[in-house]
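Participant: Structure: model.cif, mmCIF, C-alpha atoms and all ligand atoms.
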```
data_model
#
loop_
_atom_site.label_atom_id
_atom_site.label_comp_id
_atom_site.auth_asym_id
_atom_site.auth_seq_id
_atom_site.Cartn_x
_atom_site.Cartn_y
_atom_site.Cartn_z
CA MET A 1 7.37 23.69 35.49
CA SER A 2 7.23 27.44 35.05
CA ALA A 3 4.12 29.42 35.91
CA ARG A 4 1.31 29.41 33.38
CA PHE A 5 -1.82 31.41 32.73
CA THR A 6 -4.77 29.28 31.66
CA GLU A 7 -7.65 31.12 30.10
CA THR A 8 -11.12 30.56 31.50
CA LEU A 9 -13.27 31.59 28.54
CA HIS A 10 -14.58 28.32 27.11
CA ARG A 11 -15.96 25.30 28.93
CA SER A 12 -14.48 22.61 26.67
CA TYR A 13 -11.17 24.13 25.68
CA ALA A 14 -8.48 26.36 27.15
CA GLN A 15 -5.27 27.93 25.95
CA SER A 16 -2.37 28.34 28.30
CA LEU A 17 0.51 30.79 28.10
CA ALA A 18 3.82 30.61 29.93
CA VAL A 19 4.17 33.49 32.39
CA GLU A 20 7.74 34.77 32.44
CA ASN A 21 7.05 37.66 34.70
CA VAL A 22 3.94 39.23 36.24
CA LEU A 23 3.87 43.01 35.82
CA TYR A 24 0.45 43.78 37.21
CA ASP A 25 -2.20 41.79 39.05
CA ASN A 26 -5.01 43.76 40.61
CA ASN A 27 -8.74 44.33 40.78
CA SER A 28 -10.19 47.54 39.39
CA SER A 29 -13.66 48.48 40.61
CA LEU A 30 -15.06 46.35 37.75
CA GLN A 31 -12.72 43.53 36.84
CA HIS A 32 -9.57 41.54 37.57
CA ILE A 33 -6.71 42.97 35.49
CA GLN A 34 -3.45 41.12 34.86
CA VAL A 35 -0.44 41.92 32.69
CA PHE A 36 2.33 39.39 32.30
CA GLU A 37 5.24 38.77 29.99
CA ASN A 38 5.35 35.85 27.57
CA LYS A 39 8.36 35.11 25.35
CA ARG A 40 6.37 34.59 22.15
CA PHE A 41 3.69 37.27 22.57
CA GLY A 42 5.38 39.92 24.71
CA ARG A 43 3.12 41.59 27.25
CA VAL A 44 -0.28 39.97 27.64
CA LEU A 45 -3.32 41.79 29.04
CA THR A 46 -6.09 39.73 30.61
CA LEU A 47 -9.42 40.81 32.09
CA ASP A 48 -11.26 38.38 34.36
CA GLY A 49 -9.06 35.52 33.16
CA VAL A 50 -9.52 36.15 29.41
CA VAL A 51 -6.77 37.34 27.06
CA GLN A 52 -7.73 40.75 25.69
CA THR A 53 -4.65 41.66 23.74
CA THR A 54 -0.95 40.93 23.44
CA GLN A 55 1.91 43.04 22.18
CA GLY A 56 2.70 40.35 19.65
CA ASP A 57 -0.59 39.93 17.81
CA GLU A 58 -2.65 43.03 18.65
CA PHE A 59 -1.84 44.58 15.27
CA ILE A 60 -4.02 42.05 13.45
CA TYR A 61 -7.11 42.78 15.54
CA HIS A 62 -6.66 46.55 15.67
CA GLU A 63 -5.83 46.95 11.97
CA MET A 64 -8.80 44.87 10.86
CA LEU A 65 -11.33 46.73 13.02
CA THR A 66 -10.08 50.15 11.90
CA HIS A 67 -8.67 50.17 8.37
CA VAL A 68 -11.37 47.92 6.90
CA PRO A 69 -14.28 50.27 7.69
CA ILE A 70 -12.24 53.49 7.35
CA LEU A 71 -10.77 52.67 3.93
CA ALA A 72 -14.06 51.17 2.71
CA HIS A 73 -15.86 54.38 3.63
CA GLY A 74 -13.28 56.69 2.08
CA ASN A 75 -14.13 59.94 3.84
CA VAL A 76 -14.07 59.29 7.57
CA ARG A 77 -13.80 62.28 9.90
CA ASN A 78 -15.59 61.35 13.06
CA VAL A 79 -15.07 57.97 14.74
CA LEU A 80 -16.55 56.41 17.88
CA VAL A 81 -14.79 53.58 19.72
CA ILE A 82 -16.70 51.77 22.45
CA GLY A 83 -14.34 50.02 24.86
CA GLY A 84 -10.74 49.85 23.77
CA GLY A 85 -9.33 51.11 27.07
CA ASP A 86 -5.84 49.89 26.18
CA GLY A 87 -5.72 52.57 23.45
CA GLY A 88 -4.77 50.25 20.59
CA MET A 89 -7.91 50.99 18.60
CA ALA A 90 -7.62 54.76 19.05
CA ARG A 91 -3.95 54.58 18.00
CA GLU A 92 -4.80 52.81 14.76
CA VAL A 93 -7.73 55.15 13.91
CA LEU A 94 -5.60 58.24 14.57
CA ARG A 95 -3.04 57.12 12.00
CA HIS A 96 -5.54 58.43 9.44
CA LYS A 97 -4.78 62.13 9.06
CA SER A 98 -8.25 62.66 7.63
CA VAL A 99 -9.80 61.69 10.97
CA GLU A 100 -10.70 64.85 12.85
CA LYS A 101 -12.12 63.39 16.01
CA VAL A 102 -12.14 60.08 17.86
CA THR A 103 -14.48 59.64 20.79
CA MET A 104 -13.52 56.68 22.92
CA VAL A 105 -15.98 55.51 25.56
CA GLU A 106 -14.41 53.15 28.07
CA ILE A 107 -16.28 51.95 31.12
CA ASP A 108 -13.20 51.26 33.24
CA ALA A 109 -10.83 54.14 33.98
CA GLY A 110 -8.57 51.53 35.62
CA VAL A 111 -7.87 49.89 32.25
CA VAL A 112 -6.84 53.19 30.65
CA GLU A 113 -4.54 54.15 33.49
CA PHE A 114 -2.69 50.89 33.87
CA SER A 115 -2.42 50.44 30.06
CA LYS A 116 -0.58 53.76 29.79
CA THR A 117 1.93 52.47 32.33
CA TYR A 118 2.21 48.77 31.49
CA LEU A 119 1.32 48.66 27.79
CA PRO A 120 2.57 51.97 26.38
CA SER A 121 3.15 50.49 22.92
CA LEU A 122 -0.59 49.80 22.63
CA SER A 123 -1.73 53.41 22.73
CA ASN A 124 1.60 54.77 21.44
CA CYS A 125 0.68 58.23 22.79
CA ALA A 126 -2.86 58.17 21.34
CA PHE A 127 -4.15 59.47 24.68
CA ASP A 128 -2.13 62.68 24.13
CA ASP A 129 -3.52 63.30 20.64
CA PRO A 130 -5.75 66.41 20.73
CA ARG A 131 -8.17 64.67 18.35
CA LEU A 132 -8.97 62.06 21.02
CA ASN A 133 -11.91 62.65 23.31
CA LEU A 134 -11.77 60.07 26.11
CA VAL A 135 -15.05 59.53 27.93
CA ILE A 136 -15.18 57.26 30.97
CA ALA A 137 -18.75 56.02 30.88
CA ASP A 138 -20.96 53.05 30.16
CA GLY A 139 -20.88 52.52 26.39
CA ALA A 140 -24.52 51.43 26.30
CA ASP A 141 -25.69 54.60 28.10
CA PHE A 142 -23.54 56.75 25.85
CA MET A 143 -24.99 55.11 22.75
CA ALA A 144 -28.54 55.62 23.98
CA THR A 145 -28.10 59.29 24.86
CA SER A 146 -25.40 60.84 22.66
CA PRO A 147 -26.66 63.38 20.11
CA ASP A 148 -23.63 62.92 17.83
CA HIS A 149 -23.26 61.09 14.53
CA PHE A 150 -20.21 59.12 13.47
CA ASP A 151 -18.84 57.90 10.14
CA VAL A 152 -17.47 54.74 11.73
CA ILE A 153 -18.41 53.12 15.05
CA ILE A 154 -16.11 50.40 16.39
CA ILE A 155 -17.22 48.11 19.20
CA ASP A 156 -14.00 46.94 20.82
CA SER A 157 -15.63 44.82 23.48
CA THR A 158 -14.70 41.99 25.76
CA ASP A 159 -16.61 38.74 25.36
CA PRO A 160 -20.32 38.85 26.25
CA VAL A 161 -19.79 38.07 29.92
CA GLY A 162 -19.56 40.68 32.70
CA PRO A 163 -19.48 44.39 31.86
CA GLY A 164 -19.31 43.70 28.09
CA GLU A 165 -22.58 41.78 27.90
CA VAL A 166 -24.85 44.75 27.10
CA LEU A 167 -22.70 45.51 24.04
CA PHE A 168 -24.16 42.43 22.35
CA THR A 169 -27.85 43.25 22.77
CA ASP A 170 -30.36 44.18 20.06
CA SER A 171 -31.21 47.41 21.82
CA PHE A 172 -27.55 48.45 21.91
CA TYR A 173 -27.17 47.76 18.18
CA GLY A 174 -30.35 49.76 17.53
CA HIS A 175 -28.93 52.74 19.37
CA ALA A 176 -25.62 52.35 17.53
CA LYS A 177 -27.39 52.49 14.20
CA ARG A 178 -29.01 55.78 15.16
CA ARG A 179 -25.58 57.21 15.95
CA LEU A 180 -24.28 56.55 12.41
CA ALA A 181 -23.94 59.46 10.00
CA GLU A 182 -25.21 58.93 6.46
CA GLY A 183 -23.09 56.21 4.84
CA GLY A 184 -21.72 55.27 8.26
CA ILE A 185 -20.45 51.81 9.18
CA LEU A 186 -20.72 49.86 12.44
CA VAL A 187 -18.11 47.16 13.11
CA THR A 188 -18.05 44.82 16.10
CA GLN A 189 -15.79 42.29 17.80
CA ASN A 190 -17.88 39.16 17.43
CA GLY A 191 -15.85 36.34 18.93
CA VAL A 192 -14.35 33.23 17.40
CA PRO A 193 -17.23 31.51 15.56
CA PHE A 194 -15.92 27.97 15.97
CA MET A 195 -15.86 28.45 19.75
CA GLN A 196 -18.68 30.98 20.17
CA PRO A 197 -21.17 30.29 17.37
CA ASP A 198 -24.23 31.71 19.13
CA GLU A 199 -22.57 35.05 19.63
CA LEU A 200 -22.20 35.57 15.89
CA THR A 201 -25.68 34.29 15.08
CA GLY A 202 -27.22 36.62 17.67
CA THR A 203 -25.48 39.71 16.34
CA MET A 204 -26.18 38.83 12.72
CA ARG A 205 -29.91 38.37 13.43
CA ALA A 206 -29.99 41.85 14.93
CA PHE A 207 -27.99 43.35 12.04
CA GLN A 208 -30.30 41.74 9.48
CA GLN A 209 -33.23 43.62 11.05
CA LEU A 210 -31.35 46.90 11.24
CA PHE A 211 -29.13 47.36 8.20
CA ALA A 212 -29.47 47.38 4.44
CA ASP A 213 -26.00 45.87 4.25
CA TRP A 214 -24.97 43.47 7.01
CA GLY A 215 -22.62 40.55 7.46
CA CYS A 216 -19.24 39.77 8.89
CA TYR A 217 -15.60 39.44 7.96
CA ILE A 218 -12.80 37.44 9.53
CA ALA A 219 -9.16 37.39 10.57
CA SER A 220 -7.08 34.90 12.52
CA ILE A 221 -5.58 36.29 15.70
CA PRO A 222 -3.37 33.70 17.44
CA THR A 223 -4.39 34.44 21.04
CA TYR A 224 -8.11 34.47 20.20
CA ALA A 225 -7.72 30.75 19.77
CA GLY A 226 -9.96 28.37 17.87
CA GLY A 227 -9.87 29.66 14.29
CA PRO A 228 -10.63 33.03 12.77
CA MET A 229 -12.41 35.76 14.71
CA ALA A 230 -15.52 37.33 13.20
CA PHE A 231 -16.15 41.06 12.96
CA GLY A 232 -19.70 42.27 12.43
CA TRP A 233 -20.40 44.79 9.67
CA GLY A 234 -23.55 46.89 9.47
CA SER A 235 -24.31 49.83 7.21
CA ASP A 236 -27.17 51.35 5.29
CA SER A 237 -24.79 52.03 2.44
CA THR A 238 -23.97 49.09 0.20
CA ALA A 239 -21.21 51.04 -1.55
CA ALA A 240 -18.66 50.65 1.23
CA LYS A 241 -18.52 46.88 1.22
CA ALA A 242 -18.59 46.75 -2.58
CA VAL A 243 -15.60 49.08 -2.99
CA ASP A 244 -13.06 47.55 -5.29
CA VAL A 245 -9.52 46.61 -4.53
CA GLU A 246 -7.96 49.33 -6.72
CA VAL A 247 -9.89 52.02 -4.89
CA LEU A 248 -8.76 50.58 -1.55
CA ARG A 249 -5.17 50.58 -2.79
CA ALA A 250 -5.38 54.24 -3.83
CA ARG A 251 -6.90 55.18 -0.46
CA LEU A 252 -4.26 53.21 1.45
CA ASP A 253 -1.46 54.85 -0.56
CA ALA A 254 -2.97 58.28 0.06
CA ALA A 255 -3.13 57.53 3.79
CA GLY A 256 0.53 56.49 3.68
CA LEU A 257 0.23 53.70 6.24
CA ASP A 258 2.83 51.01 6.77
CA LEU A 259 0.86 48.07 8.17
CA GLY A 260 1.49 44.57 9.46
CA TYR A 261 -1.62 42.65 8.43
CA TYR A 262 -4.01 44.73 6.34
CA THR A 263 -3.65 44.83 2.59
CA PRO A 264 -6.43 45.72 0.12
CA ALA A 265 -6.46 42.07 -1.05
CA VAL A 266 -6.77 40.84 2.56
CA HIS A 267 -9.58 43.37 3.08
CA LYS A 268 -11.60 41.98 0.18
CA ALA A 269 -10.82 38.34 1.02
CA ALA A 270 -11.85 38.80 4.65
CA PHE A 271 -15.50 38.91 3.56
CA SER A 272 -15.27 35.44 1.98
CA LEU A 273 -16.54 33.15 4.69
CA PRO A 274 -15.84 29.46 5.21
CA ARG A 275 -19.04 27.47 4.92
CA TYR A 276 -19.25 26.65 8.66
CA ILE A 277 -19.30 30.38 9.41
CA GLU A 278 -21.72 31.19 6.60
CA LYS A 279 -24.11 28.65 8.12
CA LEU A 280 -24.18 30.63 11.37
CA LEU A 281 -25.68 33.63 9.57
CA PRO A 282 -29.47 33.98 9.33
N1 LIG A 301 -11.20 42.76 22.85
C1 LIG A 301 -11.06 41.42 23.25
C2 LIG A 301 -11.77 40.34 22.64
C3 LIG A 301 -11.47 39.05 23.34
C4 LIG A 301 -12.03 37.93 22.62
N2 LIG A 301 -11.50 36.70 23.02
C5 LIG A 301 -11.93 35.56 22.49
N3 LIG A 301 -13.14 35.48 22.03
N4 LIG A 301 -11.11 34.56 22.46
C6 LIG A 301 -9.91 43.29 22.68
C7 LIG A 301 -9.48 44.52 23.34
C8 LIG A 301 -8.26 45.06 22.64
N5 LIG A 301 -8.34 46.44 22.37
#
```
Would you write the structure of this file as structure tokens?
Ligand code: AG3
Facilitator:
Amino acid sequence: MSARFTETLHRSYAQSLAVENVLYDNNSSLQHIQVFENKRFGRVLTLDGVVQTTQGDEFIYHEMLTHVPILAHGNVRNVLVIGGGDGGMAREVLRHKSVEKVTMVEIDAGVVEFSKTYLPSLSNCAFDDPRLNLVIADGADFMATSPDHFDVIIIDSTDPVGPGEVLFTDSFYGHAKRRLAEGGILVTQNGVPFMQPDELTGTMRAFQQLFADWGCYIASIPTYAGGPMAFGWGSDSTAAKAVDVEVLRARLDAAGLDLGYYTPAVHKAAFSLPRYIEKLLP
């Protein structure tokens, strides 16, 4: 049998991917980084044994964490990405010509460097865009101390184990809220609710305390196995989530984006939650 990678994220369930070819297998100062080739998904990036992104399905995740808040807001200039060292999130944000500045705070310089070499299609030259300000720092410290305000803040985290754990705490969310400009929106990677129900409940409890408008939306990403993934949504403006589909269509047309997953109808539908997910919300 050919070599396989078996993910070590969940106790009762694991996905396994055939490994055609290992391109990178090393420890950075913070985590174990692997990149391998799989016939169905292309290059696969794993951190500490957990799939972070694949060439094949990354578009779903990155489009839904960028275009949903950006097009809902309608006038986004200044964006903060926490994590996202592979550059996929920055790439997708920078496709909006209206965006003047993206600050990306990644804790692990190792991830940025090897992604440029082994996963160039992820960042697609985003690291060379003069609008990108790359900061290698702890996202939680940055959030607590930055004086800036952002129209959209995207938390592109790992799962809440290891270096990513602080990005799921109430105090981190509190600091993030203070970094939002008026009408700003915070979106978060919140795990696969069927597999990680407590993660969503925890974040939603915090958001309920913090935001006038809070909730989550969903998308199915094949390598985040176990059903749809949830994305947290927090804002003090209720207008953004209520925006209607025609307005989204006009904004998408004006932005001139050719996308693989996002459509205005998908955007609106993503906020309709299956009952088992709704029940996880406070
Ligand atoms: N962030 C990875 C989330 C991994 C979640 N996995 C899971 N719950 N099955 C993605 C980094 C890509 N920019």
Participant: Kindly work out which residues sit at most 6 Å from ligand LIG 301 (chain A), using all atoms listed in the file, and give the list as a count of residues only.
Facilitator: 14
Participant: What is the atom CA of A:Gly226-atom CA of A:His62 distance in Å, reported with one decimal?
Facilitator: 18.6 Å
Participant: Identify, on the basis of only C-alpha atoms, every residue whose closest approach to A:Tyr217 does not exceed 12 Å; exclude the query and any residue fewer than 2 positions from it along the same chain; express the result as an NGL selection string.
Facilitator: :A and (61 or 64-65 or 68-69 or 187-193 or 200 or 204 or 214-215 or 219-220 or 228-234 or 241 or 266-274 or 277-278 or 281)
Participant: Can you work out the spacing between atom CA of A:Ser29 and atom CA of A:Pro130 in Å, to one decimal?
Facilitator: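 We find that atom CA of A:Ser29 and atom CA of A:Pro130 lie 27.9 Å from each other.
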Participant: Quick one: everything within 8 Å of stretch 1-16 of chain A, counting all atoms listed in the file, minus sequence neighbours fewer than 4 positions away in the same chain. Send it as a ChimeraX atom specification.
Facilitator: /A:20,49-51,195,225
Participant: Nearest residue to A:Tyr276 out of A:Pro163, A:Gly227, A:Gly260, A:Pro222, using only C-alpha atoms?
Facilitator: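 Selected residue with least distance to A:Tyr276: A:Gly227.
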Participant: Would you mind telling me which residue in A:Gln55, A:Phe142, A:Gly164, A:Thr117 lies nearest to A:Leu30 when using only C-alpha atoms?
Facilitator: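 Smallest separation from A:Leu30 among the options: A:Gly164.
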Participant: In Å, how far is it from atom CA of A:Val22 to atom CA of A:Tyr261?
Facilitator: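 Atom CA of A:Tyr261 lies at a distance of 28.6 Å from atom CA of A:Val22.
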Participant: Please provide the set of residues having any atom within 7 Å of stretch 102-112 of chain A, restricted to all atoms listed in the file, with same-chain residues fewer than 2 positions apart removed, written as an MDAnalysis selection string.
Facilitator: chainID A and resid 28 30 78:86 114:116 131:139
Participant: May I have the protein, DNA and RNA residues with any atom at most 10 Å from the point (-19.6, 57.0, 5.4), counting all atoms listed in the file, written as a PyMOL selection string?
Facilitator: chain A and resi 69-78+150-152+180-185+235-237+239-240
Participant: Nearest to A:Gly174: which of A:Ala206, A:Ala250, A:Val99, A:Ile33 is it, counting only C-alpha atoms?
Facilitator: A:Ala206
Participant: Hey, can I get the axis-aligned box for stretch 129-139 of chain A? All listed atoms, 8 Å padding on each side, centre and edge lengths in Å to one decimal, as lines of an AutoDock Vina configuration file.
Facilitator:
```
center_x = -12.2
center_y = 59.5
center_z = 24.7
size_x = 33.4
size_y = 29.9
size_z = 28.6
```
Participant: Write a file for stretch 43-106 of chain A of the given structure; include C-alpha atoms and format it as a compact mmCIF listing (two decimals), in the first residue's frame.
Facilitator:
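Here's the written file result_38.txt:
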```txt
# COMPACT_ATOMS: atom_id res chain seq x y z
CA ARG A 43 -0.38 19.99 -2.53
CA VAL A 44 -1.49 19.54 1.06
CA LEU A 45 -0.15 21.63 3.95
CA THR A 46 -0.28 20.17 7.44
CA LEU A 47 0.76 21.67 10.78
CA ASP A 48 1.28 19.33 13.73
CA GLY A 49 -0.53 16.54 11.89
CA VAL A 50 -3.63 18.57 10.95
CA VAL A 51 -4.57 19.54 7.38
CA GLN A 52 -4.50 23.34 7.10
CA THR A 53 -5.13 23.82 3.43
CA THR A 54 -4.89 22.09 0.08
CA GLN A 55 -4.45 23.45 -3.41
CA GLY A 56 -7.65 21.73 -4.43
CA ASP A 57 -10.17 23.07 -1.92
CA GLU A 58 -8.55 26.17 -0.39
CA PHE A 59 -10.65 28.46 -2.58
CA ILE A 60 -13.81 27.59 -0.65
CA TYR A 61 -12.35 28.50 2.73
CA HIS A 62 -10.51 31.61 1.58
CA GLU A 63 -13.38 33.00 -0.50
CA MET A 64 -15.91 32.53 2.29
CA LEU A 65 -13.77 34.22 4.95
CA THR A 66 -13.00 37.22 2.73
CA HIS A 67 -15.76 38.02 0.25
CA VAL A 68 -18.61 37.44 2.71
CA PRO A 69 -17.55 40.17 5.16
CA ILE A 70 -16.00 42.45 2.51
CA LEU A 71 -19.01 42.46 0.19
CA ALA A 72 -21.46 42.64 3.11
CA HIS A 73 -19.66 45.72 4.41
CA GLY A 74 -19.45 47.46 1.05
CA ASN A 75 -16.69 49.96 1.74
CA VAL A 76 -13.70 48.06 3.07
CA ARG A 77 -10.30 49.77 2.98
CA ASN A 78 -8.34 48.42 5.88
CA VAL A 79 -8.22 44.69 6.66
CA LEU A 80 -6.47 42.70 9.38
CA VAL A 81 -5.71 38.99 8.96
CA ILE A 82 -4.53 37.06 12.01
CA GLY A 83 -2.66 33.90 11.00
CA GLY A 84 -2.89 32.97 7.35
CA GLY A 85 0.85 32.45 6.90
CA ASP A 86 0.31 30.57 3.65
CA GLY A 87 -0.88 33.84 2.07
CA GLY A 88 -4.19 32.50 0.72
CA MET A 89 -6.30 34.88 2.79
CA ALA A 90 -4.20 37.93 1.90
CA ARG A 91 -4.39 36.96 -1.79
CA GLU A 92 -8.18 36.82 -1.72
CA VAL A 93 -8.55 40.12 0.20
CA LEU A 94 -6.17 41.91 -2.17
CA ARG A 95 -8.33 41.01 -5.15
CA HIS A 96 -10.56 43.87 -3.98
CA LYS A 97 -9.12 47.00 -5.57
CA SER A 98 -10.91 49.10 -2.96
CA VAL A 99 -8.74 47.57 -0.23
CA GLU A 100 -5.93 49.98 0.58
CA LYS A 101 -4.11 48.04 3.24
CA VAL A 102 -3.93 44.49 4.56
CA THR A 103 -2.08 43.83 7.78
CA MET A 104 -1.29 40.17 8.22
CA VAL A 105 -0.03 39.01 11.61
CA GLU A 106 1.49 35.54 11.48
```
